[in-house]
Structure formats: C-alpha cells, structure tokens
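Raw target-v3.pdb, PDB, C-alpha atoms:
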ATOM      1  CA  MET A   1      12.845  -5.596 -28.655
ATOM      2  CA  SER A   2      16.068  -7.581 -28.519
ATOM      3  CA  PRO A   3      16.555  -9.969 -25.570
ATOM      4  CA  PHE A   4      20.329  -9.730 -25.998
ATOM      5  CA  THR A   5      22.132  -7.554 -23.468
ATOM      6  CA  GLY A   6      25.739  -6.934 -22.518
ATOM      7  CA  SER A   7      27.389  -6.882 -19.127
ATOM      8  CA  ALA A   8      25.999  -3.566 -17.909
ATOM      9  CA  ALA A   9      23.034  -3.704 -15.546
ATOM     10  CA  ARG A  10      20.161  -1.213 -15.535
ATOM     11  CA  THR A  11      21.241   2.159 -14.160
ATOM     12  CA  PRO A  12      19.555   2.380 -10.723
ATOM     13  CA  ASP A  13      19.472   6.187 -10.483
ATOM     14  CA  TRP A  14      19.523   9.009 -12.996
ATOM     15  CA  LYS A  15      21.030  12.254 -11.765
ATOM     16  CA  HIS A  16      19.351  14.582 -14.251
ATOM     17  CA  LEU A  17      15.959  12.895 -14.732
ATOM     18  CA  ARG A  18      13.188  11.378 -12.650
ATOM     19  CA  VAL A  19      12.323   7.934 -13.969
ATOM     20  CA  GLU A  20       9.327   5.881 -12.859
ATOM     21  CA  HIS A  21       8.286   2.398 -14.063
ATOM     22  CA  THR A  22       4.633   1.321 -13.728
ATOM     23  CA  ASP A  23       3.314  -1.818 -15.445
ATOM     24  CA  GLY A  24       5.077  -1.312 -18.749
ATOM     25  CA  VAL A  25       4.786   2.489 -18.779
ATOM     26  CA  VAL A  26       7.927   4.503 -18.082
ATOM     27  CA  THR A  27       7.482   8.151 -17.106
ATOM     28  CA  VAL A  28      10.540  10.359 -17.579
ATOM     29  CA  THR A  29      10.234  13.765 -15.974
ATOM     30  CA  LEU A  30      12.489  16.726 -16.623
ATOM     31  CA  ALA A  31      12.789  17.990 -13.058
ATOM     32  CA  ARG A  32      14.390  21.434 -12.925
ATOM     33  CA  PRO A  33      11.210  23.450 -12.385
ATOM     34  CA  GLU A  34      13.092  26.489 -11.103
ATOM     35  CA  LYS A  35      14.775  26.683 -14.525
ATOM     36  CA  LEU A  36      11.685  25.721 -16.554
ATOM     37  CA  ASN A  37      13.368  22.322 -16.990
ATOM     38  CA  ALA A  38      16.201  23.788 -19.058
ATOM     39  CA  LEU A  39      18.480  21.070 -20.395
ATOM     40  CA  THR A  40      22.104  20.644 -19.358
ATOM     41  CA  PHE A  41      24.889  18.551 -20.858
ATOM     42  CA  GLY A  42      24.103  15.916 -18.231
ATOM     43  CA  ALA A  43      20.379  15.899 -19.026
ATOM     44  CA  TYR A  44      21.057  15.319 -22.720
ATOM     45  CA  ALA A  45      23.481  12.500 -21.924
ATOM     46  CA  ASP A  46      21.066  10.899 -19.461
ATOM     47  CA  LEU A  47      18.238  10.967 -22.024
ATOM     48  CA  ARG A  48      20.504   9.397 -24.641
ATOM     49  CA  ASP A  49      21.677   6.640 -22.294
ATOM     50  CA  LEU A  50      18.286   6.020 -20.675
ATOM     51  CA  LEU A  51      16.566   5.496 -24.021
ATOM     52  CA  ALA A  52      19.291   3.054 -25.050
ATOM     53  CA  GLU A  53      18.774   1.075 -21.839
ATOM     54  CA  LEU A  54      14.994   1.059 -22.079
ATOM     55  CA  SER A  55      15.134  -0.073 -25.710
ATOM     56  CA  ARG A  56      16.730  -3.307 -24.537
ATOM     57  CA  GLU A  57      14.014  -4.025 -21.976
ATOM     58  CA  LYS A  58      11.108  -6.095 -23.260
ATOM     59  CA  ALA A  59       8.947  -4.925 -20.339
ATOM     60  CA  VAL A  60       8.782  -1.320 -21.605
ATOM     61  CA  ARG A  61       5.620  -0.779 -23.651
ATOM     62  CA  ALA A  62       5.285   3.035 -23.672
ATOM     63  CA  LEU A  63       7.132   6.104 -22.433
ATOM     64  CA  VAL A  64       5.772   9.457 -21.275
ATOM     65  CA  LEU A  65       8.122  12.457 -21.350
ATOM     66  CA  ALA A  66       6.917  15.229 -19.052
ATOM     67  CA  GLY A  67       8.128  18.403 -17.389
ATOM     68  CA  GLU A  68       7.739  19.390 -13.764
ATOM     69  CA  GLY A  69       6.372  22.774 -12.715
ATOM     70  CA  ARG A  70       5.181  25.606 -14.969
ATOM     71  CA  GLY A  71       6.316  24.239 -18.318
ATOM     72  CA  PHE A  72       7.550  21.289 -20.341
ATOM     73  CA  CYS A  73      11.070  22.427 -21.254
ATOM     74  CA  SER A  74      12.569  25.827 -22.043
ATOM     75  CA  GLY A  75      15.416  24.381 -24.124
ATOM     76  CA  GLY A  76      19.141  24.452 -23.468
ATOM     77  CA  ASP A  77      20.237  26.223 -20.300
ATOM     78  CA  VAL A  78      21.561  29.665 -21.293
ATOM     79  CA  ASP A  79      24.405  29.674 -18.772
ATOM     80  CA  GLU A  80      25.272  25.978 -18.554
ATOM     81  CA  ILE A  81      25.134  25.264 -22.294
ATOM     82  CA  ILE A  82      25.124  28.429 -24.386
ATOM     83  CA  GLY A  83      27.678  30.145 -22.165
ATOM     84  CA  ALA A  84      29.850  27.041 -22.010
ATOM     85  CA  THR A  85      29.829  26.430 -25.761
ATOM     86  CA  LEU A  86      31.370  29.855 -26.396
ATOM     87  CA  SER A  87      34.684  28.524 -25.071
ATOM     88  CA  MET A  88      34.608  25.188 -26.923
ATOM     89  CA  ASP A  89      36.627  24.381 -30.014
ATOM     90  CA  THR A  90      35.077  22.950 -33.174
ATOM     91  CA  ALA A  91      35.690  19.323 -32.205
ATOM     92  CA  GLN A  92      33.974  19.800 -28.845
ATOM     93  CA  LEU A  93      31.074  21.637 -30.437
ATOM     94  CA  LEU A  94      30.636  18.847 -32.970
ATOM     95  CA  ASP A  95      30.593  16.266 -30.169
ATOM     96  CA  PHE A  96      27.924  18.250 -28.316
ATOM     97  CA  ASN A  97      25.707  18.746 -31.353
ATOM     98  CA  ARG A  98      26.032  15.100 -32.300
ATOM     99  CA  MET A  99      24.942  14.155 -28.775
ATOM    100  CA  THR A 100      21.768  16.245 -29.007
ATOM    101  CA  GLY A 101      21.001  14.603 -32.331
ATOM    102  CA  GLN A 102      21.556  11.186 -30.777
ATOM    103  CA  VAL A 103      18.811  11.976 -28.269
ATOM    104  CA  VAL A 104      16.356  12.733 -31.070
ATOM    105  CA  ARG A 105      17.365   9.592 -32.954
ATOM    106  CA  ALA A 106      16.903   7.560 -29.770
ATOM    107  CA  VAL A 107      13.357   8.919 -29.357
ATOM    108  CA  ARG A 108      12.519   8.093 -32.973
ATOM    109  CA  GLU A 109      14.237   4.686 -33.038
ATOM    110  CA  CYS A 110      13.282   3.208 -29.650
ATOM    111  CA  PRO A 111      10.880   0.267 -30.119
ATOM    112  CA  PHE A 112       8.012   1.705 -28.059
ATOM    113  CA  PRO A 113       5.736   4.725 -28.466
ATOM    114  CA  VAL A 114       6.893   7.969 -26.864
ATOM    115  CA  ILE A 115       4.305  10.506 -25.690
ATOM    116  CA  ALA A 116       5.264  14.092 -24.867
ATOM    117  CA  ALA A 117       2.971  15.589 -22.213
ATOM    118  CA  VAL A 118       3.236  19.322 -22.880
ATOM    119  CA  HIS A 119       2.023  22.200 -20.753
ATOM    120  CA  GLY A 120       3.409  25.699 -20.747
ATOM    121  CA  VAL A 121       6.543  26.353 -22.747
ATOM    122  CA  ALA A 122       8.222  23.873 -25.084
ATOM    123  CA  ALA A 123      11.020  25.964 -26.552
ATOM    124  CA  GLY A 124      14.215  25.329 -28.479
ATOM    125  CA  ALA A 125      15.453  21.838 -27.725
ATOM    126  CA  GLY A 126      12.294  21.272 -25.675
ATOM    127  CA  ALA A 127      10.183  21.865 -28.773
ATOM    128  CA  VAL A 128      12.315  19.405 -30.752
ATOM    129  CA  LEU A 129      12.036  16.734 -28.039
ATOM    130  CA  ALA A 130       8.253  17.073 -28.203
ATOM    131  CA  LEU A 131       8.395  17.038 -32.015
ATOM    132  CA  ALA A 132      10.415  13.811 -31.997
ATOM    133  CA  ALA A 133       7.816  12.020 -29.874
ATOM    134  CA  ASP A 134       5.214   9.820 -31.538
ATOM    135  CA  PHE A 135       2.386  11.678 -29.814
ATOM    136  CA  ARG A 136       2.171  15.196 -28.404
ATOM    137  CA  VAL A 137      -0.561  15.529 -25.787
ATOM    138  CA  ALA A 138      -0.890  19.162 -24.772
ATOM    139  CA  ASP A 139      -3.163  21.372 -22.726
ATOM    140  CA  PRO A 140      -4.328  24.889 -23.728
ATOM    141  CA  THR A 141      -1.369  26.536 -21.969
ATOM    142  CA  ALA A 142       1.126  24.821 -24.288
ATOM    143  CA  ARG A 143       3.209  26.921 -26.631
ATOM    144  CA  PHE A 144       5.936  25.722 -28.965
ATOM    145  CA  ALA A 145       8.840  27.860 -30.140
ATOM    146  CA  PHE A 146      11.795  26.735 -32.262
ATOM    147  CA  LEU A 147      14.090  29.525 -31.121
ATOM    148  CA  PHE A 148      17.390  28.598 -32.757
ATOM    149  CA  THR A 149      17.580  31.518 -35.192
ATOM    150  CA  ARG A 150      16.806  33.863 -32.289
ATOM    151  CA  VAL A 151      20.246  33.006 -30.851
ATOM    152  CA  GLY A 152      21.998  33.222 -34.217
ATOM    153  CA  LEU A 153      21.960  29.538 -35.099
ATOM    154  CA  SER A 154      20.319  27.484 -37.824
ATOM    155  CA  GLY A 155      16.693  26.567 -37.306
ATOM    156  CA  GLY A 156      17.620  23.066 -38.432
ATOM    157  CA  ASP A 157      18.881  21.931 -35.037
ATOM    158  CA  MET A 158      18.626  18.379 -33.684
ATOM    159  CA  GLY A 159      16.811  17.190 -36.812
ATOM    160  CA  ALA A 160      14.090  19.862 -36.646
ATOM    161  CA  ALA A 161      14.389  20.694 -40.356
ATOM    162  CA  TYR A 162      13.869  17.008 -41.130
ATOM    163  CA  LEU A 163      11.017  16.274 -38.724
ATOM    164  CA  LEU A 164       8.937  19.451 -38.656
ATOM    165  CA  PRO A 165       8.052  19.622 -42.400
ATOM    166  CA  ARG A 166       6.913  16.015 -42.178
ATOM    167  CA  VAL A 167       4.583  16.843 -39.287
ATOM    168  CA  VAL A 168       3.166  20.259 -40.264
ATOM    169  CA  GLY A 169       4.227  20.719 -43.913
ATOM    170  CA  LEU A 170       7.010  22.757 -45.470
ATOM    171  CA  GLY A 171       5.206  26.105 -45.347
ATOM    172  CA  HIS A 172       4.470  26.034 -41.627
ATOM    173  CA  ALA A 173       7.883  24.529 -40.874
ATOM    174  CA  THR A 174       9.662  27.299 -42.790
ATOM    175  CA  ARG A 175       7.804  29.952 -40.818
ATOM    176  CA  LEU A 176       8.401  28.313 -37.455
ATOM    177  CA  LEU A 177      12.082  27.486 -38.002
ATOM    178  CA  MET A 178      13.007  30.745 -39.742
ATOM    179  CA  LEU A 179      11.203  33.198 -37.478
ATOM    180  CA  GLY A 180      11.202  31.317 -34.197
ATOM    181  CA  ASP A 181       7.729  32.596 -33.387
ATOM    182  CA  SER A 182       5.744  31.022 -30.562
ATOM    183  CA  VAL A 183       2.832  28.786 -31.587
ATOM    184  CA  ARG A 184       0.083  28.468 -29.013
ATOM    185  CA  ALA A 185      -2.046  25.392 -28.508
ATOM    186  CA  PRO A 186      -5.016  26.283 -30.770
ATOM    187  CA  GLU A 187      -2.792  26.933 -33.804
ATOM    188  CA  ALA A 188      -0.530  24.012 -32.942
ATOM    189  CA  GLU A 189      -3.552  21.726 -33.003
ATOM    190  CA  ARG A 190      -4.781  23.248 -36.276
ATOM    191  CA  ILE A 191      -1.501  22.634 -38.111
ATOM    192  CA  GLY A 192      -1.062  19.127 -36.713
ATOM    193  CA  LEU A 193       1.718  19.779 -34.214
ATOM    194  CA  ILE A 194      -0.502  18.551 -31.354
ATOM    195  CA  SER A 195      -1.852  15.003 -31.445
ATOM    196  CA  GLU A 196      -4.377  15.505 -28.650
ATOM    197  CA  LEU A 197      -5.551  18.678 -26.906
ATOM    198  CA  ALA A 198      -6.354  17.943 -23.272
ATOM    199  CA  GLU A 199      -8.211  20.011 -20.700
ATOM    200  CA  GLU A 200      -6.142  22.653 -18.932
ATOM    201  CA  GLY A 201      -3.928  21.090 -16.293
ATOM    202  CA  SER A 202      -4.565  17.541 -17.480
ATOM    203  CA  ALA A 203      -1.900  16.940 -20.145
ATOM    204  CA  ASP A 204       0.015  14.564 -17.868
ATOM    205  CA  GLU A 205      -3.136  12.610 -17.034
ATOM    206  CA  ALA A 206      -4.198  12.398 -20.678
ATOM    207  CA  ALA A 207      -0.710  11.267 -21.673
ATOM    208  CA  GLN A 208      -0.796   8.541 -19.031
ATOM    209  CA  THR A 209      -4.196   7.376 -20.296
ATOM    210  CA  LEU A 210      -2.829   7.101 -23.825
ATOM    211  CA  ALA A 211       0.316   5.367 -22.549
ATOM    212  CA  ARG A 212      -1.814   2.824 -20.689
ATOM    213  CA  ARG A 213      -3.816   2.132 -23.845
ATOM    214  CA  LEU A 214      -0.622   1.615 -25.829
ATOM    215  CA  ALA A 215       1.016  -0.483 -23.108
ATOM    216  CA  ASP A 216      -2.005  -2.800 -23.036
ATOM    217  CA  GLY A 217      -2.035  -3.185 -26.806
ATOM    218  CA  PRO A 218      -0.060  -5.284 -29.330
ATOM    219  CA  ALA A 219       3.453  -4.046 -28.552
ATOM    220  CA  LEU A 220       5.192  -5.719 -31.476
ATOM    221  CA  ALA A 221       2.672  -4.297 -33.938
ATOM    222  CA  TYR A 222       3.195  -0.826 -32.486
ATOM    223  CA  ALA A 223       6.980  -1.208 -32.590
ATOM    224  CA  GLN A 224       6.933  -2.248 -36.240
ATOM    225  CA  THR A 225       4.503   0.528 -37.164
ATOM    226  CA  LYS A 226       6.806   3.089 -35.560
ATOM    227  CA  ALA A 227       9.823   1.615 -37.341
ATOM    228  CA  LEU A 228       8.049   1.753 -40.705
ATOM    229  CA  LEU A 229       6.850   5.327 -40.192
ATOM    230  CA  THR A 230      10.444   6.414 -39.621
ATOM    231  CA  ALA A 231      12.137   4.232 -42.235
ATOM    232  CA  GLU A 232       9.677   4.974 -45.051
ATOM    233  CA  LEU A 233       9.895   8.766 -44.813
ATOM    234  CA  ASP A 234      12.603   8.769 -47.470
ATOM    235  CA  MET A 235      11.719   5.644 -49.437
ATOM    236  CA  PRO A 236      10.197   5.411 -52.892
ATOM    237  CA  LEU A 237       6.784   3.738 -52.948
ATOM    238  CA  ALA A 238       8.090   0.467 -54.386
ATOM    239  CA  ALA A 239      10.589   0.044 -51.548
ATOM    240  CA  ALA A 240       7.983   1.049 -48.946
ATOM    241  CA  VAL A 241       5.358  -1.461 -50.066
ATOM    242  CA  GLU A 242       8.003  -4.197 -50.180
ATOM    243  CA  MET A 243       9.045  -3.367 -46.609
ATOM    244  CA  ASP A 244       5.383  -3.377 -45.588
ATOM    245  CA  ALA A 245       4.906  -6.793 -47.164
ATOM    246  CA  SER A 246       7.930  -8.272 -45.397
ATOM    247  CA  THR A 247       6.860  -6.819 -42.056
ATOM    248  CA  GLN A 248       3.299  -8.098 -42.361
ATOM    249  CA  ALA A 249       4.513 -11.577 -43.311
ATOM    250  CA  LEU A 250       6.609 -11.696 -40.138
ATOM    251  CA  LEU A 251       3.789 -10.405 -37.930
ATOM    252  CA  MET A 252       1.289 -12.828 -39.476
ATOM    253  CA  ASN A 253       3.526 -15.581 -38.158
ATOM    254  CA  GLY A 254       3.416 -14.106 -34.655
ATOM    255  CA  GLU A 255       1.418 -15.018 -31.565
ATOM    256  CA  ASP A 256      -0.581 -11.775 -31.421
ATOM    257  CA  TYR A 257      -2.036 -12.292 -34.898
ATOM    258  CA  ALA A 258      -3.208 -15.777 -33.941
ATOM    259  CA  GLU A 259      -4.489 -14.435 -30.622
ATOM    260  CA  PHE A 260      -6.676 -11.879 -32.404
ATOM    261  CA  HIS A 261      -8.334 -14.614 -34.435
ATOM    262  CA  ALA A 262      -8.876 -16.783 -31.359
ATOM    263  CA  ALA A 263     -10.317 -13.850 -29.406
ATOM    264  CA  PHE A 264     -12.598 -12.859 -32.284
ATOM    265  CA  THR A 265     -13.849 -16.422 -32.625
ATOM    266  CA  GLU A 266     -14.423 -16.757 -28.885
ATOM    267  CA  LYS A 267     -16.005 -13.277 -28.656
ATOM    268  CA  ARG A 268     -13.544 -11.971 -26.029
ATOM    269  CA  PRO A 269     -10.923  -9.219 -25.882
ATOM    270  CA  PRO A 270      -7.461 -10.210 -27.165
ATOM    271  CA  GLN A 271      -4.754 -10.928 -24.615
ATOM    272  CA  TRP A 272      -1.796  -9.310 -26.355
ATOM    273  CA  LYS A 273       1.640 -10.765 -25.626
ATOM    274  CA  GLY A 274       3.844  -8.543 -27.775
ATOM    275  CA  ARG A 275       5.092 -11.542 -29.721
TER     276      ARG A 275
END
Exercise: express the given structure as structure tokens:
Amino acid sequence: MSPFTGSAARTPDWKHLRVEHTDGVVTVTLARPEKLNALTFGAYADLRDLLAELSREKAVRALVLAGEGRGFCSGGDVDEIIGATLSMDTAQLLDFNRMTGQVVRAVRECPFPVIAAVHGVAAGAGAVLALAADFRVADPTARFAFLFTRVGLSGGDMGAAYLLPRVVGLGHATRLLMLGDSVRAPEAERIGLISELAEEGSADEAAQTLARRLADGPALAYAQTKALLTAELDMPLAAAVEMDASTQALLMNGEDYAEFHAAFTEKRPPQWKGR
C-alpha cells in the first residue's frame, strides 16, 4: 500500500458506479438494475480507474463488489457494447479488450481483498468479475454463465481461461468456457466457484460481514498473501518457496508480528495496524 501519490486527488463522484466508504470497507455497486447491471464502456473504465485510486489509499482494507436489483451483472450491454463494437476497427477493438483485461488485473493486483456479493445472474463479463474476486459470496439464486462462445467469441475472455481452471480445475473450466452453460449455486459451490453460500437474499449482508472481518484483520499480511497467491500461480516450487521466505522475513520485521506476540503474552486480542 504505497503512500506515494501524484497530483490527482480522489475522484469525488463516479458516473457509472455507486461507491461507499465505511471504516476501511469500500462497497462498489453496479447500479443499472433495469439492465441487470449490464456493463458499458464507461463502467469498465470507471472500475479500472477506481481500483487504481483505491490501491493508493492506505485506509482501504477490503472491497465488496455488488449488483443492485435482481442480479449481480448480466455482462456487456448488448446494444451499447456488442452493437458498438461491430463498427470498430481492429485497433479500437484491441483497445477495448485490453481495457476489460485491465479491470481484471486491477481486481487481482489491488492490495486488499475483493469480495463479490452475487445474487441472481452473473453472466459473461459479470461472471469473470466475480471469478477475479478473492471471495465469491453467493445466495441460492446465483447462477454463473461464461457466455462468450454463445456470441461467437472465445471463451477465454478477460483472463477467464487463465483464472477459471485455477479455481475449478481444467475439466470444469473447459465445460463452462466451451459450452457457456449456466451453473447454479449448488453446483457452483460443489466445484469451488463459490467461496461461501449465504441464505437467500443475504449475499450482500454476508459479504459485508466477511469484509468487516478482513478490514479488522492484519491488512499487510492479507495484502502479501493475495500477492503471493497471484504471483506463484506460474512459478516453479523453488522460486515460490524463495518468495515466501523473503516475504515472511519482511513481515517478521513488521509491527503486526510483534503486536501478535504482545497480545498473546498479555492474553488480549491483537490490535492490528497493517504495518
């Protein structure tokens, strides 16, 4: 969590998202309920830029990504994105697809845990946003569908072919990305796509509870754990254990490690400082 910032101040308002800050927890809500929170060019760009801003703020300890209304996110807007891309040239299309990938990278690389609170549909890009999160808290109405082949595109969109096999295994990922079939909450939980299955109608509440737990915990330890989980996906074991050793040596020199020992000795809960 770098303290170094440039000239730009925090963006006060986001046109395409609802953003709320509460004691270290940021809640980002996709708020186009009449369109099942379908994403637009502006929504993608706002997510990319918001995550970059929040990553520079030491006060952010956890982020909840939620959807307003009947579902989480139905993917890219058919008219505003799919229709518009038909008239774009290759350079424009490459810029757009790189931007969507930048959103996924921002979710994976931001230094705080991201929790997707999923109810109803999480389709296409919405399914990938949930997949990119560190935790997926869903209620029984949730259903995930990676629909890219259904519109004539590769199932490996926005990093899905990289992330999904690592979450559910190659066999399940092949089926989901090739066929684009909908996966409902019970199966999603069984194959590991859901981190926590909440009661119906309570995914947002359960996600906030988890976010509060994370926000009150050792933020630097969580940030480094997230970084290692991402970085070590493609490392050989020797490189991974060396990175683990270096990370632990740094954290053992931190205030939170000493605070744990003091709290244990004094028989009290630790007061984590994220340092």
Q. Suppose you want the space between atom CA of A:Leu163 and atom CA of A:Thr149; what is it in Å?
A.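 Value for the atom CA of A:Leu163-atom CA of A:Thr149 distance: 17.0 Å.
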Q.
What would the selection look like, as a ChimeraX atom specification, if the PyMOL selection byres ((chain A and resi 173) around 10) were run on the coordinates I just shared?
A. /A:146,155,160-172,174-179,191
Q: Please write the residues picked by the PyMOL selection byres ((chain A and resi 228) around 12) on this file as an MDAnalysis selection string.
A: chainID A and resid 108:109 111 221:227 229:235 239:248
Q.
Measuring between all atoms listed in the file, which one of A:Asp134, A:Asp157, A:Asp49, A:Asp256 shows the shortest distance to A:Arg98?
A.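 Of A:Asp134, A:Asp157, A:Asp49, A:Asp256, the one nearest A:Arg98, counting all atoms listed in the file, is A:Asp157.
Comparing A:Gly71, A:Asp23, A:Ile82, A:Glu199 by their smallest distance to A:Arg143, the closest is A:Gly71 (using all atoms listed in the file).
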Q: Select, counting all atoms listed in the file, all protein, DNA and RNA residues no farther than 12 Å from (2.2, -5.3, -31.9) in file coordinates, and express the selection as a ChimeraX atom specification.
A: /A:1,61,111-113,214-227,247-248,250-252,254-260,270-275
(Q) So the first atom is atom CA of A:Val103 and the second is atom CA of A:Ala43; what is the distance between them in Å, to one decimal place? (A)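 Here the two named atoms are 10.2 Å from each other.
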Q: Give me, please, the distance in Å between atom CA of A:Leu129 and atom CA of A:Phe144, quoted to one decimal.
A: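 Atom CA of A:Leu129 sits 10.9 Å away from atom CA of A:Phe144.
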For the structure provided, state which residues fall under the PyMOL selection byres ((chain A and resi 96) around 12), and present them as a PDB file with C-alpha atoms, in the frame of the given file.
ATOM      1  CA  THR A  40      22.104  20.644 -19.358  1.00  0.00           C
ATOM      2  CA  PHE A  41      24.889  18.551 -20.858  1.00  0.00           C
ATOM      3  CA  GLY A  42      24.103  15.916 -18.231  1.00  0.00           C
ATOM      4  CA  TYR A  44      21.057  15.319 -22.720  1.00  0.00           C
ATOM      5  CA  ALA A  45      23.481  12.500 -21.924  1.00  0.00           C
ATOM      6  CA  GLY A  76      19.141  24.452 -23.468  1.00  0.00           C
ATOM      7  CA  ILE A  81      25.134  25.264 -22.294  1.00  0.00           C
ATOM      8  CA  ILE A  82      25.124  28.429 -24.386  1.00  0.00           C
ATOM      9  CA  ALA A  84      29.850  27.041 -22.010  1.00  0.00           C
ATOM     10  CA  THR A  85      29.829  26.430 -25.761  1.00  0.00           C
ATOM     11  CA  MET A  88      34.608  25.188 -26.923  1.00  0.00           C
ATOM     12  CA  ASP A  89      36.627  24.381 -30.014  1.00  0.00           C
ATOM     13  CA  THR A  90      35.077  22.950 -33.174  1.00  0.00           C
ATOM     14  CA  ALA A  91      35.690  19.323 -32.205  1.00  0.00           C
ATOM     15  CA  GLN A  92      33.974  19.800 -28.845  1.00  0.00           C
ATOM     16  CA  LEU A  93      31.074  21.637 -30.437  1.00  0.00           C
ATOM     17  CA  LEU A  94      30.636  18.847 -32.970  1.00  0.00           C
ATOM     18  CA  ASP A  95      30.593  16.266 -30.169  1.00  0.00           C
ATOM     19  CA  ASN A  97      25.707  18.746 -31.353  1.00  0.00           C
ATOM     20  CA  ARG A  98      26.032  15.100 -32.300  1.00  0.00           C
ATOM     21  CA  MET A  99      24.942  14.155 -28.775  1.00  0.00           C
ATOM     22  CA  THR A 100      21.768  16.245 -29.007  1.00  0.00           C
ATOM     23  CA  GLY A 101      21.001  14.603 -32.331  1.00  0.00           C
ATOM     24  CA  GLN A 102      21.556  11.186 -30.777  1.00  0.00           C
ATOM     25  CA  VAL A 103      18.811  11.976 -28.269  1.00  0.00           C
ATOM     26  CA  ASP A 157      18.881  21.931 -35.037  1.00  0.00           C
ATOM     27  CA  MET A 158      18.626  18.379 -33.684  1.00  0.00           C
TER      28      MET A 158
END
Q: Would you kindly return, as a PyMOL selection string, each protein, DNA or RNA residue with an atom no farther than 6 Å from any atom of A:Ile194, considering all atoms listed in the file and excluding same-chain residues fewer than 5 positions away?
A: chain A and resi 136+188-189
**Q.** For A:Gly120, the nearest of the candidates A:Ser154, A:Ser87, A:Ser74, A:Ser55, counting all atoms listed in the file
**A.**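 Under the stated criterion, the closest residue is A:Ser74.
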Q | A:Lys35 surroundings by only C-alpha atoms, 12 Å radius, close-in-sequence under 6 positions cut, as a list in words | A | Gly67, Glu68, Gly69, Arg70, Gly71, Phe72, Cys73, Ser74, Gly75, Gly76, Asp77, Val78, Asp79, Glu80 and Val121 of chain A
Q. Which polymer residues have any atom within 8 Å of an atom of A:Arg10, counting all atoms listed in the file, with same-chain residues fewer than 2 positions away left out, as a ChimeraX atom specification?
A. /A:8,12,53
Q. Smallest atom-to-atom distance to A:Val128: which of A:Leu237, A:Ala31, A:Ala185, A:Ala116, using all atoms listed in the file?
A.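 Of the candidates, the smallest distance to A:Val128 is held by A:Ala116.
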Q: Using only C-alpha atoms, determine which residues lie at most 12 Å from A:Thr209, disregarding the query and same-chain residues fewer than 3 positions distant; provide the list as a count of residues only.
A: 19
Axis-aligned box over every listed atom of stretch 117-127 of chain A, padded by 5 Å per side: centre and edges in Å to one decimal, as AutoDock Vina command-line options?
--center_x 8.7 --center_y 21.0 --center_z -24.8 --size_x 23.4 --size_y 20.8 --size_z 18.0
